[in-house]
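Shown below: input-v5.pdb, with PDB, C-alpha atoms and all ligand atoms.
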ATOM      1  CA  MET A   1       0.000   0.000   0.000
ATOM      2  CA  GLU A   2       3.021   2.245   0.381
ATOM      3  CA  GLY A   3       3.164   5.056  -2.113
ATOM      4  CA  PHE A   4      -0.557   5.161  -2.680
ATOM      5  CA  ARG A   5      -1.580   8.755  -2.704
ATOM      6  CA  ALA A   6      -5.168   8.867  -1.570
ATOM      7  CA  THR A   7      -5.387  12.620  -1.854
ATOM      8  CA  ARG A   8      -4.489  12.590  -5.511
ATOM      9  CA  ALA A   9      -7.124  14.329  -7.588
ATOM     10  CA  ALA A  10      -8.571  12.138 -10.274
ATOM     11  CA  PRO A  11      -9.534  13.498 -13.653
ATOM     12  CA  ASP A  12     -13.280  13.682 -13.954
ATOM     13  CA  ALA A  13     -15.450  11.886 -16.415
ATOM     14  CA  MET A  14     -14.721  14.523 -18.998
ATOM     15  CA  GLY A  15     -11.033  14.435 -18.283
ATOM     16  CA  ASN A  16     -10.902  17.530 -16.146
ATOM     17  CA  GLN A  17      -9.925  17.818 -12.522
ATOM     18  CA  GLN A  18     -13.192  19.369 -11.552
ATOM     19  CA  PHE A  19     -14.940  16.996  -9.223
ATOM     20  CA  SER A  20     -16.989  18.359  -6.403
ATOM     21  CA  GLY A  21     -15.678  17.411  -2.981
ATOM     22  CA  ASN A  22     -18.356  14.738  -2.587
ATOM     23  CA  MET A  23     -17.584  13.148  -5.899
ATOM     24  CA  LYS A  24     -13.899  13.151  -5.117
ATOM     25  CA  SER A  25     -14.360  11.518  -1.755
ATOM     26  CA  SER A  26     -16.780   8.965  -3.155
ATOM     27  CA  LEU A  27     -14.293   7.954  -5.786
ATOM     28  CA  THR A  28     -11.451   7.959  -3.312
ATOM     29  CA  PHE A  29     -13.525   5.724  -1.060
ATOM     30  CA  PHE A  30     -14.175   3.199  -3.797
ATOM     31  CA  LEU A  31     -10.591   3.179  -4.950
ATOM     32  CA  LEU A  32      -9.327   2.905  -1.412
ATOM     33  CA  ALA A  33     -11.726   0.076  -0.725
ATOM     34  CA  THR A  34     -10.703  -1.875  -3.804
ATOM     35  CA  LEU A  35      -7.014  -1.130  -3.402
ATOM     36  CA  THR A  36      -7.071  -2.082   0.270
ATOM     37  CA  LEU A  37      -8.586  -5.407  -0.643
ATOM     38  CA  GLY A  38      -5.872  -5.850  -3.225
ATOM     39  CA  CYS A  39      -2.900  -5.095  -1.023
ATOM     40  CA  GLY A  40      -3.030  -8.533   0.575
ATOM     41  CA  LYS A  41      -2.545 -10.164  -2.780
ATOM     42  CA  LYS A  42       0.556  -8.183  -3.663
ATOM     43  CA  ALA A  43       2.825 -10.747  -2.020
ATOM     44  CA  THR A  44       1.858 -13.288  -4.628
ATOM     45  CA  GLU A  45       3.031 -11.055  -7.452
ATOM     46  CA  THR A  46       5.417 -12.894  -9.719
ATOM     47  CA  LYS A  47       7.304 -11.800 -12.772
ATOM     48  CA  SER A  48       6.255 -14.152 -15.507
ATOM     49  CA  ALA A  49       4.715 -14.245 -18.939
ATOM     50  CA  ALA A  50       1.550 -13.051 -17.220
ATOM     51  CA  ASP A  51       3.280  -9.802 -16.303
ATOM     52  CA  ALA A  52       1.546  -7.262 -18.459
ATOM     53  CA  ARG A  53       2.776  -4.181 -16.671
ATOM     54  CA  GLN A  54       2.875  -1.042 -18.802
ATOM     55  CA  HIS A  55       5.778   1.174 -17.825
ATOM     56  CA  ARG A  56       5.484   4.806 -18.722
ATOM     57  CA  GLU A  57       7.910   7.676 -18.693
ATOM     58  CA  THR A  58       6.768   9.905 -15.846
ATOM     59  CA  LYS A  59       9.389  12.586 -16.308
ATOM     60  CA  ILE A  60       8.144  15.683 -18.078
ATOM     61  CA  GLN A  61      10.198  16.286 -21.203
ATOM     62  CA  LEU A  62       9.834  19.751 -22.571
ATOM     63  CA  GLU A  63      10.692  21.117 -25.969
ATOM     64  CA  THR A  64      12.605  24.333 -26.323
ATOM     65  CA  CYS A  65      10.944  27.255 -28.009
ATOM     66  CA  ALA A  66      13.080  30.266 -27.164
ATOM     67  CA  GLY A  67      15.841  30.617 -29.705
ATOM     68  CA  SER A  68      14.661  27.675 -31.790
ATOM     69  CA  GLY A  69      13.876  29.827 -34.815
ATOM     70  CA  SER A  70      16.079  32.099 -36.889
ATOM     71  CA  SER A  71      14.386  35.165 -35.459
ATOM     72  CA  SER A  72      11.851  36.122 -32.838
ATOM     73  CA  ASP A  73       9.457  38.875 -32.022
ATOM     74  CA  ALA A  74       7.554  39.828 -28.942
ATOM     75  CA  ILE A  75       4.392  41.551 -27.886
ATOM     76  CA  ASP A  76       3.852  43.488 -24.704
ATOM     77  CA  ALA A  77       0.117  42.982 -24.248
ATOM     78  CA  ASN A  78      -0.342  45.153 -21.154
ATOM     79  CA  GLY A  79       2.289  47.797 -21.812
ATOM     80  CA  ASP A  80       4.341  47.020 -18.722
ATOM     81  CA  GLY A  81       7.543  46.864 -20.739
ATOM     82  CA  LYS A  82       7.783  43.051 -20.518
ATOM     83  CA  PRO A  83       6.703  40.854 -23.415
ATOM     84  CA  GLU A  84       3.862  38.422 -22.704
ATOM     85  CA  ILE A  85       4.154  36.613 -26.015
ATOM     86  CA  VAL A  86       7.410  35.705 -27.700
ATOM     87  CA  ARG A  87       7.283  34.042 -31.097
ATOM     88  CA  SER A  88      10.097  32.064 -32.660
ATOM     89  CA  LEU A  89      10.117  32.283 -36.437
ATOM     90  CA  LYS A  90      11.892  30.609 -39.317
ATOM     91  CA  GLY A  91      11.627  33.187 -42.023
ATOM     92  CA  SER A  92       8.038  34.335 -41.721
ATOM     93  CA  VAL A  93       6.809  30.981 -40.405
ATOM     94  CA  GLU A  94       6.025  30.777 -36.711
ATOM     95  CA  MET A  95       7.570  27.683 -35.129
ATOM     96  CA  CYS A  96       6.354  28.244 -31.597
ATOM     97  CA  ARG A  97       5.498  30.850 -29.022
ATOM     98  CA  THR A  98       5.695  31.303 -25.293
ATOM     99  CA  VAL A  99       2.845  33.046 -23.513
ATOM    100  CA  ASP A 100       2.623  34.616 -20.064
ATOM    101  CA  LEU A 101      -1.107  34.588 -19.443
ATOM    102  CA  ASN A 102      -1.157  36.280 -16.051
ATOM    103  CA  PHE A 103       1.541  38.931 -16.493
ATOM    104  CA  ASP A 104       3.774  37.612 -13.739
ATOM    105  CA  GLY A 105       6.782  37.369 -16.034
ATOM    106  CA  GLN A 106       6.682  33.552 -16.029
ATOM    107  CA  VAL A 107       5.702  31.533 -19.102
ATOM    108  CA  ASP A 108       2.423  29.610 -18.584
ATOM    109  CA  ARG A 109       2.029  28.130 -22.010
ATOM    110  CA  THR A 110       4.283  27.145 -24.860
ATOM    111  CA  VAL A 111       2.668  26.363 -28.187
ATOM    112  CA  PHE A 112       4.417  24.605 -31.056
ATOM    113  CA  TYR A 113       3.090  24.612 -34.615
ATOM    114  CA  ASP A 114       3.338  22.099 -37.414
ATOM    115  CA  GLY A 115       4.236  22.837 -41.021
ATOM    116  CA  GLN A 116       0.639  23.809 -41.731
ATOM    117  CA  GLY A 117       0.587  26.353 -38.916
ATOM    118  CA  LYS A 118      -1.658  24.157 -36.763
ATOM    119  CA  GLU A 119      -0.927  23.447 -33.138
ATOM    120  CA  ARG A 120       1.039  20.252 -32.703
ATOM    121  CA  ARG A 121       2.024  20.559 -29.034
ATOM    122  CA  VAL A 122       0.980  22.709 -26.118
ATOM    123  CA  GLU A 123       2.804  22.739 -22.797
ATOM    124  CA  SER A 124       0.729  24.308 -20.028
ATOM    125  CA  ASP A 125       1.385  25.403 -16.466
ATOM    126  CA  PHE A 126      -2.173  25.708 -15.203
ATOM    127  CA  ASP A 127      -1.456  26.424 -11.558
ATOM    128  CA  ARG A 128       1.191  29.028 -12.392
ATOM    129  CA  ASP A 129       3.925  27.558 -10.261
ATOM    130  CA  GLY A 130       6.421  27.661 -13.097
ATOM    131  CA  LEU A 131       6.255  23.905 -13.733
ATOM    132  CA  VAL A 132       4.430  22.390 -16.695
ATOM    133  CA  ASP A 133       1.357  20.328 -15.671
ATOM    134  CA  GLU A 134       0.188  19.109 -19.035
ATOM    135  CA  ILE A 135       1.553  18.367 -22.462
ATOM    136  CA  ALA A 136      -1.102  18.167 -25.154
ATOM    137  CA  THR A 137      -0.213  16.759 -28.529
ATOM    138  CA  TYR A 138      -2.133  17.292 -31.731
ATOM    139  CA  GLU A 139      -2.222  15.753 -35.168
ATOM    140  CA  ALA A 140      -3.451  17.912 -38.012
ATOM    141  CA  GLY A 141      -4.660  20.322 -35.356
ATOM    142  CA  LEU A 142      -6.770  17.735 -33.535
ATOM    143  CA  ILE A 143      -6.022  16.729 -29.956
ATOM    144  CA  THR A 144      -4.710  13.163 -29.653
ATOM    145  CA  LEU A 145      -3.045  12.920 -26.241
ATOM    146  CA  LYS A 146      -2.815  14.811 -22.992
ATOM    147  CA  SER A 147      -0.057  13.790 -20.612
ATOM    148  CA  ARG A 148      -0.755  15.275 -17.216
ATOM    149  CA  VAL A 149       0.657  15.842 -13.782
ATOM    150  CA  THR A 150      -2.093  15.789 -11.162
ATOM    151  CA  THR A 151      -0.103  15.783  -7.916
ATOM    152  CA  PRO A 152       2.562  18.119  -6.541
ATOM    153  CA  ASP A 153       5.348  15.603  -7.144
ATOM    154  CA  GLY A 154       5.751  16.929 -10.682
ATOM    155  CA  LYS A 155       5.612  13.491 -12.318
ATOM    156  CA  LEU A 156       3.324  12.543 -15.168
ATOM    157  CA  ASP A 157       0.566  10.244 -13.884
ATOM    158  CA  THR A 158      -2.372  10.581 -16.242
ATOM    159  CA  TRP A 159      -2.550   9.997 -19.981
ATOM    160  CA  GLU A 160      -5.723  10.881 -21.833
ATOM    161  CA  PHE A 161      -6.182   9.518 -25.332
ATOM    162  CA  PHE A 162      -8.465  11.173 -27.844
ATOM    163  CA  ASP A 163     -10.163   9.722 -30.889
ATOM    164  CA  LYS A 164     -11.236  12.257 -33.497
ATOM    165  CA  GLY A 165     -10.813  14.934 -30.865
ATOM    166  CA  VAL A 166     -12.984  13.175 -28.266
ATOM    167  CA  LEU A 167     -11.646  11.685 -25.037
ATOM    168  CA  SER A 168     -11.761   7.928 -25.591
ATOM    169  CA  ARG A 169      -9.723   6.441 -22.747
ATOM    170  CA  THR A 170      -7.460   7.343 -19.865
ATOM    171  CA  GLU A 171      -4.531   5.569 -18.279
ATOM    172  CA  ARG A 172      -3.357   6.460 -14.821
ATOM    173  CA  ASP A 173      -0.432   5.682 -12.596
ATOM    174  CA  GLU A 174      -2.262   6.172  -9.351
ATOM    175  CA  ASN A 175       0.535   5.157  -6.982
ATOM    176  CA  GLY A 176       3.326   6.933  -8.831
ATOM    177  CA  ASP A 177       5.560   3.934  -9.521
ATOM    178  CA  GLY A 178       5.663   4.514 -13.273
ATOM    179  CA  ILE A 179       3.377   1.567 -14.042
ATOM    180  CA  ILE A 180      -0.195   2.012 -15.231
ATOM    181  CA  ASP A 181      -2.666   0.794 -12.619
ATOM    182  CA  GLN A 182      -5.942   2.331 -13.755
ATOM    183  CA  TRP A 183      -7.738   2.273 -17.073
ATOM    184  CA  TRP A 184     -10.675   4.557 -17.658
ATOM    185  CA  GLU A 185     -13.053   3.715 -20.490
ATOM    186  CA  TYR A 186     -15.932   5.871 -21.594
ATOM    187  CA  PRO A 187     -18.726   3.566 -22.796
ATOM    188  CA  SER A 188     -21.025   6.549 -22.522
ATOM    189  CA  ARG A 189     -19.701  10.051 -22.565
ATOM    190  CA  GLY A 190     -19.020  11.457 -19.135
ATOM    191  CA  CYS A 191     -19.427   8.137 -17.323
ATOM    192  CA  PRO A 192     -16.132   6.304 -17.084
ATOM    193  CA  LEU A 193     -15.783   2.656 -16.344
ATOM    194  CA  ILE A 194     -12.659   2.482 -14.204
ATOM    195  CA  HIS A 195     -10.628  -0.713 -14.140
ATOM    196  CA  VAL A 196      -8.078  -1.082 -11.390
ATOM    197  CA  ASP A 197      -5.014  -3.304 -11.097
ATOM    198  CA  GLU A 198      -4.949  -4.296  -7.471
ATOM    199  CA  ASN A 199      -2.395  -7.071  -7.510
ATOM    200  CA  GLY A 200       0.271  -5.364  -9.558
ATOM    201  CA  ASP A 201       0.358  -7.742 -12.527
ATOM    202  CA  GLY A 202      -0.422  -4.903 -14.908
ATOM    203  CA  ARG A 203      -3.883  -6.181 -15.807
ATOM    204  CA  PRO A 204      -7.230  -4.854 -14.690
ATOM    205  CA  ASP A 205      -8.508  -7.294 -12.086
ATOM    206  CA  PRO A 206     -11.904  -8.964 -12.336
ATOM    207  CA  GLY A 207     -14.227  -7.438  -9.779
ATOM    208  CA  ALA A 208     -12.119  -4.316  -9.419
ATOM    209  CA  SER A 209     -13.974  -2.170 -11.932
ATOM    210  CA  ILE A 210     -15.956   0.872 -10.977
ATOM    211  CA  ASP A 211     -18.899   2.194 -12.937
ATOM    212  CA  TYR A 212     -18.344   5.755 -11.929
ATOM    213  CA  CYS A 213     -21.794   7.228 -12.615
ATOM    214  CA  LYS A 214     -23.575   4.197 -11.172
ATOM    215  CA  GLU A 215     -21.505   4.164  -8.002
ATOM    216  CA  THR A 216     -21.562   7.877  -7.340
ATOM    217  CA  GLY A 217     -24.893   8.903  -8.847
ATOM    218  CA  TYR A 218     -22.998  11.393 -10.960
ATOM    219  CA  THR A 219     -24.862  12.702 -13.980
ATOM    220  CA  PRO A 220     -22.655  14.255 -16.618
ATOM    221  CA  PRO A 221     -23.725  17.751 -17.569
ATOM    222  CA  PRO A 222     -24.698  18.471 -21.146
ATOM    223  CA  VAL A 223     -21.664  19.658 -23.042
ATOM    224  CA  PRO A 224     -22.052  22.093 -25.890
ATOM    225  CA  GLY A 225     -20.201  20.762 -28.940
ATOM    226  CA  GLU A 226     -19.299  17.089 -29.005
ATOM    227  CA  ALA A 227     -15.778  17.228 -30.313
ATOM    228  CA  GLU A 228     -12.908  18.801 -28.462
ATOM    229  CA  ALA A 229     -11.311  20.590 -31.316
ATOM    230  CA  ALA A 230      -7.963  22.215 -31.008
ATOM    231  CA  PRO A 231      -8.232  25.954 -30.898
ATOM    232  CA  SER A 232      -7.068  27.301 -34.202
ATOM    233  CA  PRO A 233      -3.768  29.067 -33.904
ATOM    234  CA  ALA A 234      -4.723  32.640 -33.339
ATOM    235  CA  ASP A 235      -2.918  35.318 -35.230
ATOM    236  CA  PHE A 236      -0.666  37.584 -33.286
ATOM    237  CA  GLY A 237      -3.326  40.182 -32.588
ATOM    238  CA  LYS A 238      -5.883  37.635 -31.470
ATOM    239  CA  GLU A 239      -3.438  36.000 -29.085
ATOM    240  CA  GLY A 240      -2.846  39.400 -27.512
ATOM    241  CA  GLU A 241      -6.582  39.760 -26.984
ATOM    242  CA  ARG A 242      -6.732  36.284 -25.505
ATOM    243  CA  VAL A 243      -4.002  37.212 -23.043
ATOM    244  CA  GLU A 244      -6.076  40.187 -21.931
ATOM    245  CA  GLU A 245      -9.214  38.066 -21.637
ATOM    246  CA  LEU A 246      -7.520  35.378 -19.601
ATOM    247  CA  SER A 247      -5.769  37.840 -17.377
ATOM    248  CA  ASN A 248      -9.201  38.953 -16.203
ATOM    249  CA  VAL A 249     -10.078  35.436 -15.120
ATOM    250  CA  LYS A 250      -9.962  35.214 -11.351
ATOM    251  CA  GLU A 251      -6.898  33.433  -9.983
ATOM    252  CA  GLY A 252      -7.829  29.906  -9.011
ATOM    253  CA  THR A 253     -10.435  29.457 -11.705
ATOM    254  CA  ASP A 254      -7.465  28.703 -13.875
ATOM    255  CA  ALA A 255      -7.526  27.725 -17.518
ATOM    256  CA  PRO A 256     -10.639  27.336 -19.631
ATOM    257  CA  SER A 257     -12.491  24.225 -18.480
ATOM    258  CA  ALA A 258     -12.629  22.759 -21.963
ATOM    259  CA  GLU A 259      -8.891  22.247 -21.723
ATOM    260  CA  GLY A 260      -8.914  20.849 -18.223
ATOM    261  CA  SER A 261      -6.813  22.109 -15.386
ATOM    262  CA  ALA A 262      -4.736  20.843 -12.582
ATOM    263  CA  PRO A 263      -6.299  21.304  -9.169
TER
HETATM  264 CA    CA B 301       2.695  33.710 -16.005
HETATM  265 CA    CA B 302       2.320  23.904 -12.656
HETATM  266 CA    CA B 303       1.338   2.490 -10.708
HETATM  267 CA    CA B 304      -4.037  -7.099 -11.949
END
With the file now loaded, output its structure as C-alpha cells.
Amino acid sequence: MEGFRATRAAPDAMGNQQFSGNMKSSLTFFLLATLTLGCGKKATETKSAADARQHRETKIQLETCAGSGSSSDAIDANGDGKPEIVRSLKGSVEMCRTVDLNFDGQVDRTVFYDGQGKERRVESDFDRDGLVDEIATYEAGLITLKSRVTTPDGKLDTWEFFDKGVLSRTERDENGDGIIDQWWEYPSRGCPLIHVDENGDGRPDPGASIDYCKETGYTPPPVPGEAEAAPSPADFGKEGERVEELSNVKEGTDAPSAEGSAP
C-alpha cells in the first residue's frame, strides 16, 4: 500500500480535474476500498509471462521554443515593458510561441506549430507555479493525447487519449511507480468505467472495476459541442486579446475548463 496517494485528484469523467468534494471523496472511497482489498494479494506477485505491466515515462520532457527559430518577435500585451508573447520564427513561419497569461513574467504556455501552422504541441502550467502540468499533442490540429501531472510531485501520472478529438480512454499511474494501474473507459460520454489493477500484474482485475456514474450517482452535464477541437492558432493580434481576456479570469479558476486544469 506504500506510495498510494489517496489525496491525488482524479480526472473527472470529462477528463478535467473538476470533481466536487463529494464526488472526489466517493471515488477515493471506492478506490481505497478496492485497493485495500488488493494489497493482501501483492505478495503473490510474480514476474512471468503473465506480467503485463505497462511502464510509462513519468518525467516531463519539454521542448525548447526560445531561440529555436532564426528570429523572434515579442508583444507586450499590457504595456508594462515586458513581453507576454514571444514568437520564434523561421523566415516568416512561426515555429512556436511562449505566452505569459497572467503577467507575472513567467511563461504559462508554450505552443508549437506544425508545417501547416496548426498546433502540434501545447505545454501548459495551469497552476502558475512555473512547472508544466500538461503536455497536449495534436495531429493535423486535432487533440490526440494529454499527458498530465495531477499531484505536486511533478511526475506525469495521467494519460488521456483522444479519438477524433474526443476523449476515448485514460490511463493512470495512481501510486506513482511509473506503471499504469488504472484504465478509464468511456462507454457513454461522461461516465467512465474504471478498471483497477490491485495485484500489480499490470492487468485490470476482475471485480475491481468501478462504474463511476452508477456508483456515485454522478450525472454528466450536457456539453455544448461534441468534439474537443484544437483551438485554431490565433494570429498575433488575437493572441494578444486572448491574453487580456484570460488575465481577467480570477486566480484559481485557472484555464478554460474545456482544456482541463490541474487542481
Ligand atoms: Ca505567467
Ligand atoms: Ca504547474
Ligand atoms: Ca502504478
Ligand atoms: Ca491485476
Selection dump of the PyMOL selection byres (((chain A and resi 176) around 8) and not hetatm), as a ChimeraX atom specification: /A:3-4,155,157,173-175,177-179
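Taking atom CA of Phe161 of chain A and atom CA of Arg120 of chain A as the two end points, the separation is 14.9 Å.
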Evaluate the PyMOL selection byres (((not hetatm)) within 12 of (chain B and resi 301)) and report residues as a count of residues only: 32
Environment of ligand CA 304 (chain B) within 8 Å, counting all atoms listed in the file, reported as JSON, numbers by chain: {"A": [196, 197, 198, 199, 200, 201, 202, 203, 204, 205]}
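Computed from the coordinates, the atom CA of Ser188 of chain A to atom CA of Glu139 of chain A distance equals 24.5 Å.
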Picked residues, the PyMOL selection byres (((chain A and resi 171) around 12) and not hetatm), as a PyMOL selection string: chain A and resi 10-11+15+54-56+145-148+156-162+167-170+172-174+178-186+192-197+202+204
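In this model, the gap between atom CA of Ser70 of chain A and atom CA of Gln116 of chain A comes to 18.2 Å.
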Using only C-alpha atoms and all ligand atoms: which of A:Val223, A:Ile60, A:Glu94, A:Val166 has the shortest distance to ligand CA 302 (chain B): A:Ile60
Protein/DNA/RNA residues near (9.0, 14.6, -15.9), cut 9 Å, all atoms listed in the file, as a VMD selection string: chain A and resid 57 to 62 149 154 to 156
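With all atoms listed in the file as the basis for measurement, A:Arg53 is the residue among A:Pro224, A:Ser88, A:Thr137, A:Arg53 that approaches ligand CA 303 (chain B) most closely.
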Residue nearest ligand CA 302 (chain B) among A:Pro152, A:Gly165, A:Gly217, A:Pro206 (counting all atoms listed in the file): A:Pro152
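Using all atoms listed in the file, the residues found no farther than 7 Å from Glu119 of chain A, other than those of its own chain fewer than 3 positions away, are Val111, Phe112, Tyr113, Asp114, Tyr138, Gly141 and Pro233 of chain A.
Distances to ligand CA 302 (chain B) were evaluated for A:Ser92, A:Asn78, A:Thr144, A:Thr151 using all atoms listed in the file, and the minimum falls at A:Thr151.
All residues that come within 10 Å of the coordinates (13.4, 26.2, -30.3), counting only C-alpha atoms, are given as A:Glu63, A:Thr64, A:Cys65, A:Ala66, A:Gly67, A:Ser68, A:Gly69, A:Ser70, A:Arg87, A:Ser88, A:Leu89, A:Met95, A:Cys96, A:Arg97, A:Phe112.
Proximity ranking of A:Ala52, A:Glu134, A:Lys118, A:Ala208 relative to ligand CA 302 (chain B) places A:Glu134 first, based on only C-alpha atoms and all ligand atoms.
For the choices A:Asp211, A:Asp51, A:Asp76, A:Glu123, the atom-to-atom distance to ligand CA 302 (chain B) is smallest for A:Glu123 when using all atoms listed in the file.
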